[in-house]
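**Q** What follows is protein00.cif; its format and atoms are mmCIF, C-alpha atoms.
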data_structure
loop_
_atom_site.label_atom_id
_atom_site.label_comp_id
_atom_site.auth_asym_id
_atom_site.auth_seq_id
_atom_site.Cartn_x
_atom_site.Cartn_y
_atom_site.Cartn_z
CA MET O 461 17.54 -3.54 5.23
CA THR O 462 13.94 -3.90 6.31
CA SER O 463 11.44 -6.17 4.58
CA LEU O 464 9.76 -5.08 1.38
CA HIS O 465 6.56 -4.73 3.42
CA GLY O 466 8.40 -2.35 5.75
CA ALA O 467 9.75 -0.40 2.78
CA ILE O 468 6.22 0.08 1.43
CA ARG O 469 5.06 1.28 4.83
CA ALA O 470 7.98 3.73 4.98
CA LEU O 471 7.20 5.12 1.51
CA LEU O 472 3.58 5.71 2.53
CA TYR O 473 4.46 7.07 5.97
CA ASN O 474 6.94 9.56 4.50
CA ASP O 475 4.53 10.86 1.87
CA THR O 476 3.05 14.18 3.04
CA ALA O 477 -0.31 13.70 1.26
CA VAL O 478 -0.81 10.20 2.70
CA GLN O 479 0.38 11.22 6.17
CA ALA O 480 -1.96 14.24 6.20
CA ILE O 481 -4.90 11.82 5.95
CA VAL O 482 -3.83 8.77 8.01
CA ASP O 483 -0.99 10.08 10.21
CA SER O 484 0.74 6.86 11.34
CA ARG O 485 -2.30 4.54 10.99
CA ILE O 486 -0.70 2.12 8.51
CA TYR O 487 -1.12 -1.52 9.57
CA PRO O 488 0.04 -4.94 8.35
CA LEU O 489 -2.77 -7.20 7.08
CA LYS O 490 -5.65 -5.87 9.18
CA MET O 491 -6.59 -2.94 11.37
CA PRO O 492 -6.66 -3.27 15.14
CA LEU O 493 -10.08 -3.52 16.72
CA ASN O 494 -11.61 -0.04 17.12
CA ALA O 495 -8.81 1.61 15.10
CA THR O 496 -9.14 5.32 14.41
CA LEU O 497 -10.01 6.03 10.79
CA PRO O 498 -9.04 6.80 8.11
CA ALA O 499 -6.33 4.14 7.95
CA LEU O 500 -4.37 1.89 5.60
CA THR O 501 -3.62 -1.82 5.65
CA ILE O 502 -0.90 -3.53 3.61
CA HIS O 503 -1.28 -7.10 2.38
CA LYS O 504 1.02 -9.18 0.18
CA ILE O 505 -1.15 -10.86 -2.47
CA SER O 506 1.52 -12.91 -4.28
CA GLY O 507 5.30 -13.25 -4.34
CA PRO O 508 6.68 -14.52 -7.65
CA ARG O 509 10.40 -14.34 -8.40
CA ASP O 510 12.17 -14.82 -11.71
CA HIS O 511 14.75 -17.57 -11.09
CA ILE O 512 16.97 -16.33 -13.96
CA THR O 513 17.18 -12.59 -13.23
CA GLY O 514 16.57 -12.75 -9.49
CA HIS O 515 13.93 -10.01 -9.77
CA GLY O 516 10.99 -10.34 -7.44
CA THR O 517 7.60 -9.20 -8.71
CA PRO O 518 5.27 -9.49 -5.72
CA ARG O 519 1.83 -7.97 -5.79
CA TYR O 520 0.77 -5.92 -2.79
CA GLN O 521 -2.64 -4.55 -1.91
CA ILE O 522 -2.86 -1.32 0.03
CA SER O 523 -6.37 -1.00 1.42
CA CYS O 524 -7.76 2.44 2.18
CA TRP O 525 -10.42 2.60 4.92
CA SER O 526 -12.71 5.42 6.04
CA GLU O 527 -16.19 6.19 7.32
CA SER O 528 -16.41 8.82 4.55
CA PHE O 529 -16.57 8.06 0.83
CA ALA O 530 -14.92 11.40 -0.02
CA ILE O 531 -12.01 10.76 2.35
CA VAL O 532 -11.42 7.19 1.15
CA GLN O 533 -11.31 8.52 -2.42
CA ASP O 534 -8.78 11.21 -1.47
CA LEU O 535 -6.71 8.63 0.39
CA SER O 536 -6.69 6.15 -2.49
CA GLU O 537 -5.58 8.89 -4.89
CA ALA O 538 -2.78 9.88 -2.50
CA VAL O 539 -1.63 6.25 -2.25
CA ILE O 540 -1.68 5.83 -6.03
CA GLU O 541 0.26 9.07 -6.51
CA CYS O 542 2.83 8.08 -3.86
CA MET O 543 3.48 4.56 -5.12
CA THR O 544 3.04 4.62 -8.90
CA ARG O 545 6.31 4.53 -10.85
CA TYR O 546 8.46 4.79 -7.72
CA LYS O 547 12.06 3.80 -8.48
CA GLY O 548 14.90 3.81 -6.00
CA VAL O 549 16.12 2.37 -2.74
CA ALA O 550 13.47 2.21 -0.01
CA SER O 551 14.63 1.05 3.42
CA GLY O 552 17.51 -0.81 1.78
CA ASN O 553 15.32 -2.49 -0.87
CA HIS O 554 16.34 -1.91 -4.49
CA ILE O 555 13.05 -1.20 -6.23
CA LYS O 556 13.22 -1.14 -10.02
CA GLN O 557 9.65 0.14 -10.32
CA ILE O 558 6.26 0.07 -8.64
CA VAL O 559 3.42 -0.49 -11.09
CA TYR O 560 -0.19 0.46 -10.34
CA VAL O 561 -2.39 -2.52 -11.27
CA ASN O 562 -5.98 -1.88 -10.17
CA SER O 563 -8.36 -0.43 -7.60
CA LEU O 564 -12.07 -0.54 -6.92
CA ASP O 565 -14.69 1.07 -4.70
CA ALA O 566 -16.28 -1.11 -2.02
CA ILE O 567 -18.32 -0.85 1.14
CA GLU O 568 -18.10 -3.41 3.92
CA ASP O 569 -21.59 -4.69 4.69
CA GLU O 570 -20.99 -5.46 8.38
CA THR O 571 -19.31 -2.20 9.36
CA GLY O 572 -20.48 0.25 6.70
CA LEU O 573 -16.86 1.30 6.16
CA PHE O 574 -15.78 2.51 2.75
CA HIS O 575 -12.91 0.45 1.38
CA VAL O 576 -10.72 1.02 -1.67
CA PRO O 577 -8.20 -1.79 -2.24
CA VAL O 578 -5.34 -0.60 -4.46
CA ASP O 579 -3.07 -3.23 -6.05
CA PHE O 580 0.55 -2.71 -7.08
CA LYS O 581 3.21 -4.93 -8.63
CA ILE O 582 6.64 -4.23 -7.16
CA ILE O 583 9.65 -5.13 -9.29
CA HIS O 584 12.73 -5.40 -7.08
CA LEU O 585 16.14 -7.03 -6.68
CA GLY O 586 17.06 -9.38 -3.86
CA ASP O 587 14.99 -10.74 -1.01
#
In structure tokens, write the structure found in this file.
**A**
Amino acid sequence: MTSLHGAIRALLYNDTAVQAIVDSRIYPLKMPLNATLPALTIHKISGPRDHITGHGTPRYQISCWSESFAIVQDLSEAVIECMTRYKGVASGNHIKQIVYVNSLDAIEDETGLFHVPVDFKIIHLGD
């Protein structure tokens, strides 16, 4: 079983709509310097766990990056479509459901890159 972070990456990587836009450019936490765009980054925002049921309910942010507003919008929609309401076993992780929480449109002042952070709550069993 890979980590939940790895399972999220695998779900995104195996989605044809997401892969058509970013290929394999899906990174943990931040993009490498001079990364080819468009790309995704995955960041764990919080990691609560119910001590009675054993269900984890971490919140993850999948950030969409592009030099084009139209492309970042297409990418964020593909990510939302891929992740929302997913139920099943992903890379050995028993996911009860992935819940879309929020997204917003942003532009990074320093780089001029368009950025859409998309937040999800992931309800799962085990570590």
**Q** Could you write out as a PyMOL selection string the residues that the PyMOL selection byres ((chain O and resi 576) around 8) matches in the shown file?
**A** chain O and resi 523-525+532-533+536+563-566+574-575+577-578
**Q** Counting all atoms listed in the file, what is within 10 Å of Gly572 in chain O, bar same-chain residues fewer than 5 positions away, as a PyMOL selection string?
**A** chain O and resi 526-528+566-567
**Q** Quick one, how far is CA of Asp534 in chain O from CA of Ala480 in chain O?
**A**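 Going from CA of Asp534 in chain O over to CA of Ala480 in chain O, I get 10.7 Å.
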**Q** What's the 7 Å shell around range 488-491 of chain O, counting all atoms listed in the file, without same-chain residues fewer than 5 positions away, as JSON, numbers by chain?
**A** {"O": [501, 502, 503]}
**Q** Can you tell me how far CA of Ile583 in chain O sits from CA of Thr517 in chain O, in Å to one decimal?
**A**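 Between CA of Ile583 in chain O and CA of Thr517 in chain O the gap is 4.6 Å.
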**Q** Residues at most 10 Å from Ser463 in chain O, counting only C-alpha atoms, excluding those fewer than 2 positions away in the same chain, as an mmCIF file with C-alpha atoms, keeping the file's coordinate frame?
**A**
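Once written, part16.cif looks like this:
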data_model
loop_
_atom_site.group_PDB
_atom_site.id
_atom_site.type_symbol
_atom_site.label_atom_id
_atom_site.label_comp_id
_atom_site.auth_asym_id
_atom_site.auth_seq_id
_atom_site.Cartn_x
_atom_site.Cartn_y
_atom_site.Cartn_z
ATOM 1 C CA MET O 461 17.540 -3.540 5.230
ATOM 2 C CA HIS O 465 6.560 -4.730 3.420
ATOM 3 C CA GLY O 466 8.400 -2.350 5.750
ATOM 4 C CA ALA O 467 9.750 -0.400 2.780
ATOM 5 C CA ILE O 468 6.220 0.080 1.430
ATOM 6 C CA ARG O 469 5.060 1.280 4.830
ATOM 7 C CA ALA O 550 13.470 2.210 -0.010
ATOM 8 C CA SER O 551 14.630 1.050 3.420
ATOM 9 C CA GLY O 552 17.510 -0.810 1.780
ATOM 10 C CA ASN O 553 15.320 -2.490 -0.870
ATOM 11 C CA ASP O 587 14.990 -10.740 -1.010
#
**Q** Of the candidates O:Ile512, O:Arg519, O:Ala477, O:Ile531, which shows the shortest atom-to-atom distance to Leu497 in chain O, using all atoms listed in the file?
**A**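 Smallest distance to Leu497 in chain O is found for O:Ile531.
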**Q** Quick one: pull the distance between CA of Thr476 in chain O and CA of Glu568 in chain O, Å, one decimal.
**A** 27.5 Å
**Q** Please return as a PyMOL selection string every residue within 6 Å of (-2.3, 0.2, 12.1), taking into account all atoms listed in the file and the file's own coordinates.
**A** chain O and resi 485-487+491
**Q** Near Arg545 in chain O, counting all atoms listed in the file, which residues have an atom at most 6 Å away, once you skip same-chain residues fewer than 3 positions from it, shown as a ChimeraX atom specification?
**A** /O:557-559
**Q** Given all atoms listed in the file as the basis, pick out the residue of O:Asn562, O:Ser506, O:Thr496, O:Thr513 nearest to Val482 in chain O.
**A**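 Closest residue, counting all atoms listed in the file: O:Thr496.
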**Q** Please fill the gaps in range 465-488 of chain O so it has N, CA and C atoms, and write that as a PDB file, in the coordinates of the input.
**A**
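Final file, rebuild_4.pdb:
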ATOM      1  N   HIS O 465       7.776  -5.235   2.776  1.00  0.00           N
ATOM      2  CA  HIS O 465       6.560  -4.730   3.420  1.00  0.00           C
ATOM      3  C   HIS O 465       6.874  -3.477   4.228  1.00  0.00           C
ATOM      4  N   GLY O 466       7.978  -3.507   4.974  1.00  0.00           N
ATOM      5  CA  GLY O 466       8.400  -2.350   5.750  1.00  0.00           C
ATOM      6  C   GLY O 466       8.774  -1.171   4.869  1.00  0.00           C
ATOM      7  N   ALA O 467       9.381  -1.470   3.715  1.00  0.00           N
ATOM      8  CA  ALA O 467       9.750  -0.400   2.780  1.00  0.00           C
ATOM      9  C   ALA O 467       8.507   0.280   2.225  1.00  0.00           C
ATOM     10  N   ILE O 468       7.480  -0.497   1.919  1.00  0.00           N
ATOM     11  CA  ILE O 468       6.220   0.080   1.430  1.00  0.00           C
ATOM     12  C   ILE O 468       5.609   0.968   2.501  1.00  0.00           C
ATOM     13  N   ARG O 469       5.603   0.479   3.723  1.00  0.00           N
ATOM     14  CA  ARG O 469       5.060   1.280   4.830  1.00  0.00           C
ATOM     15  C   ARG O 469       5.833   2.589   4.964  1.00  0.00           C
ATOM     16  N   ALA O 470       7.150   2.524   4.858  1.00  0.00           N
ATOM     17  CA  ALA O 470       7.980   3.730   4.980  1.00  0.00           C
ATOM     18  C   ALA O 470       7.682   4.720   3.851  1.00  0.00           C
ATOM     19  N   LEU O 471       7.533   4.224   2.630  1.00  0.00           N
ATOM     20  CA  LEU O 471       7.200   5.120   1.510  1.00  0.00           C
ATOM     21  C   LEU O 471       5.880   5.849   1.785  1.00  0.00           C
ATOM     22  N   LEU O 472       4.882   5.106   2.247  1.00  0.00           N
ATOM     23  CA  LEU O 472       3.580   5.710   2.530  1.00  0.00           C
ATOM     24  C   LEU O 472       3.657   6.676   3.716  1.00  0.00           C
ATOM     25  N   TYR O 473       4.348   6.247   4.763  1.00  0.00           N
ATOM     26  CA  TYR O 473       4.460   7.070   5.970  1.00  0.00           C
ATOM     27  C   TYR O 473       5.178   8.380   5.693  1.00  0.00           C
ATOM     28  N   ASN O 474       6.151   8.359   4.793  1.00  0.00           N
ATOM     29  CA  ASN O 474       6.940   9.560   4.500  1.00  0.00           C
ATOM     30  C   ASN O 474       6.326  10.451   3.433  1.00  0.00           C
ATOM     31  N   ASP O 475       5.208  10.053   2.871  1.00  0.00           N
ATOM     32  CA  ASP O 475       4.530  10.860   1.870  1.00  0.00           C
ATOM     33  C   ASP O 475       3.611  11.872   2.575  1.00  0.00           C
ATOM     34  N   THR O 476       3.801  13.152   2.309  1.00  0.00           N
ATOM     35  CA  THR O 476       3.050  14.180   3.040  1.00  0.00           C
ATOM     36  C   THR O 476       1.543  14.100   2.788  1.00  0.00           C
ATOM     37  N   ALA O 477       1.135  13.778   1.556  1.00  0.00           N
ATOM     38  CA  ALA O 477      -0.310  13.700   1.260  1.00  0.00           C
ATOM     39  C   ALA O 477      -0.962  12.522   1.980  1.00  0.00           C
ATOM     40  N   VAL O 478      -0.278  11.373   2.001  1.00  0.00           N
ATOM     41  CA  VAL O 478      -0.810  10.200   2.700  1.00  0.00           C
ATOM     42  C   VAL O 478      -0.827  10.470   4.206  1.00  0.00           C
ATOM     43  N   GLN O 479       0.281  10.980   4.725  1.00  0.00           N
ATOM     44  CA  GLN O 479       0.380  11.220   6.170  1.00  0.00           C
ATOM     45  C   GLN O 479      -0.647  12.245   6.640  1.00  0.00           C
ATOM     46  N   ALA O 480      -0.964  13.230   5.810  1.00  0.00           N
ATOM     47  CA  ALA O 480      -1.960  14.240   6.200  1.00  0.00           C
ATOM     48  C   ALA O 480      -3.332  13.606   6.437  1.00  0.00           C
ATOM     49  N   ILE O 481      -3.584  12.479   5.801  1.00  0.00           N
ATOM     50  CA  ILE O 481      -4.900  11.820   5.950  1.00  0.00           C
ATOM     51  C   ILE O 481      -4.873  10.749   7.033  1.00  0.00           C
ATOM     52  N   VAL O 482      -3.825   9.908   7.075  1.00  0.00           N
ATOM     53  CA  VAL O 482      -3.830   8.770   8.010  1.00  0.00           C
ATOM     54  C   VAL O 482      -2.868   8.913   9.184  1.00  0.00           C
ATOM     55  N   ASP O 483      -2.017   9.924   9.181  1.00  0.00           N
ATOM     56  CA  ASP O 483      -0.990  10.080  10.210  1.00  0.00           C
ATOM     57  C   ASP O 483      -0.135   8.808  10.210  1.00  0.00           C
ATOM     58  N   SER O 484      -0.080   8.078  11.293  1.00  0.00           N
ATOM     59  CA  SER O 484       0.740   6.860  11.340  1.00  0.00           C
ATOM     60  C   SER O 484      -0.116   5.591  11.321  1.00  0.00           C
ATOM     61  N   ARG O 485      -1.383   5.694  10.959  1.00  0.00           N
ATOM     62  CA  ARG O 485      -2.300   4.540  10.990  1.00  0.00           C
ATOM     63  C   ARG O 485      -2.154   3.700   9.714  1.00  0.00           C
ATOM     64  N   ILE O 486      -1.017   3.009   9.625  1.00  0.00           N
ATOM     65  CA  ILE O 486      -0.700   2.120   8.510  1.00  0.00           C
ATOM     66  C   ILE O 486      -0.372   0.769   9.133  1.00  0.00           C
ATOM     67  N   TYR O 487      -1.212  -0.241   8.862  1.00  0.00           N
ATOM     68  CA  TYR O 487      -1.120  -1.520   9.570  1.00  0.00           C
ATOM     69  C   TYR O 487      -0.830  -2.691   8.624  1.00  0.00           C
ATOM     70  N   PRO O 488      -0.131  -3.716   9.133  1.00  0.00           N
ATOM     71  CA  PRO O 488       0.040  -4.940   8.350  1.00  0.00           C
ATOM     72  C   PRO O 488      -1.230  -5.787   8.389  1.00  0.00           C
TER      73      PRO O 488
END
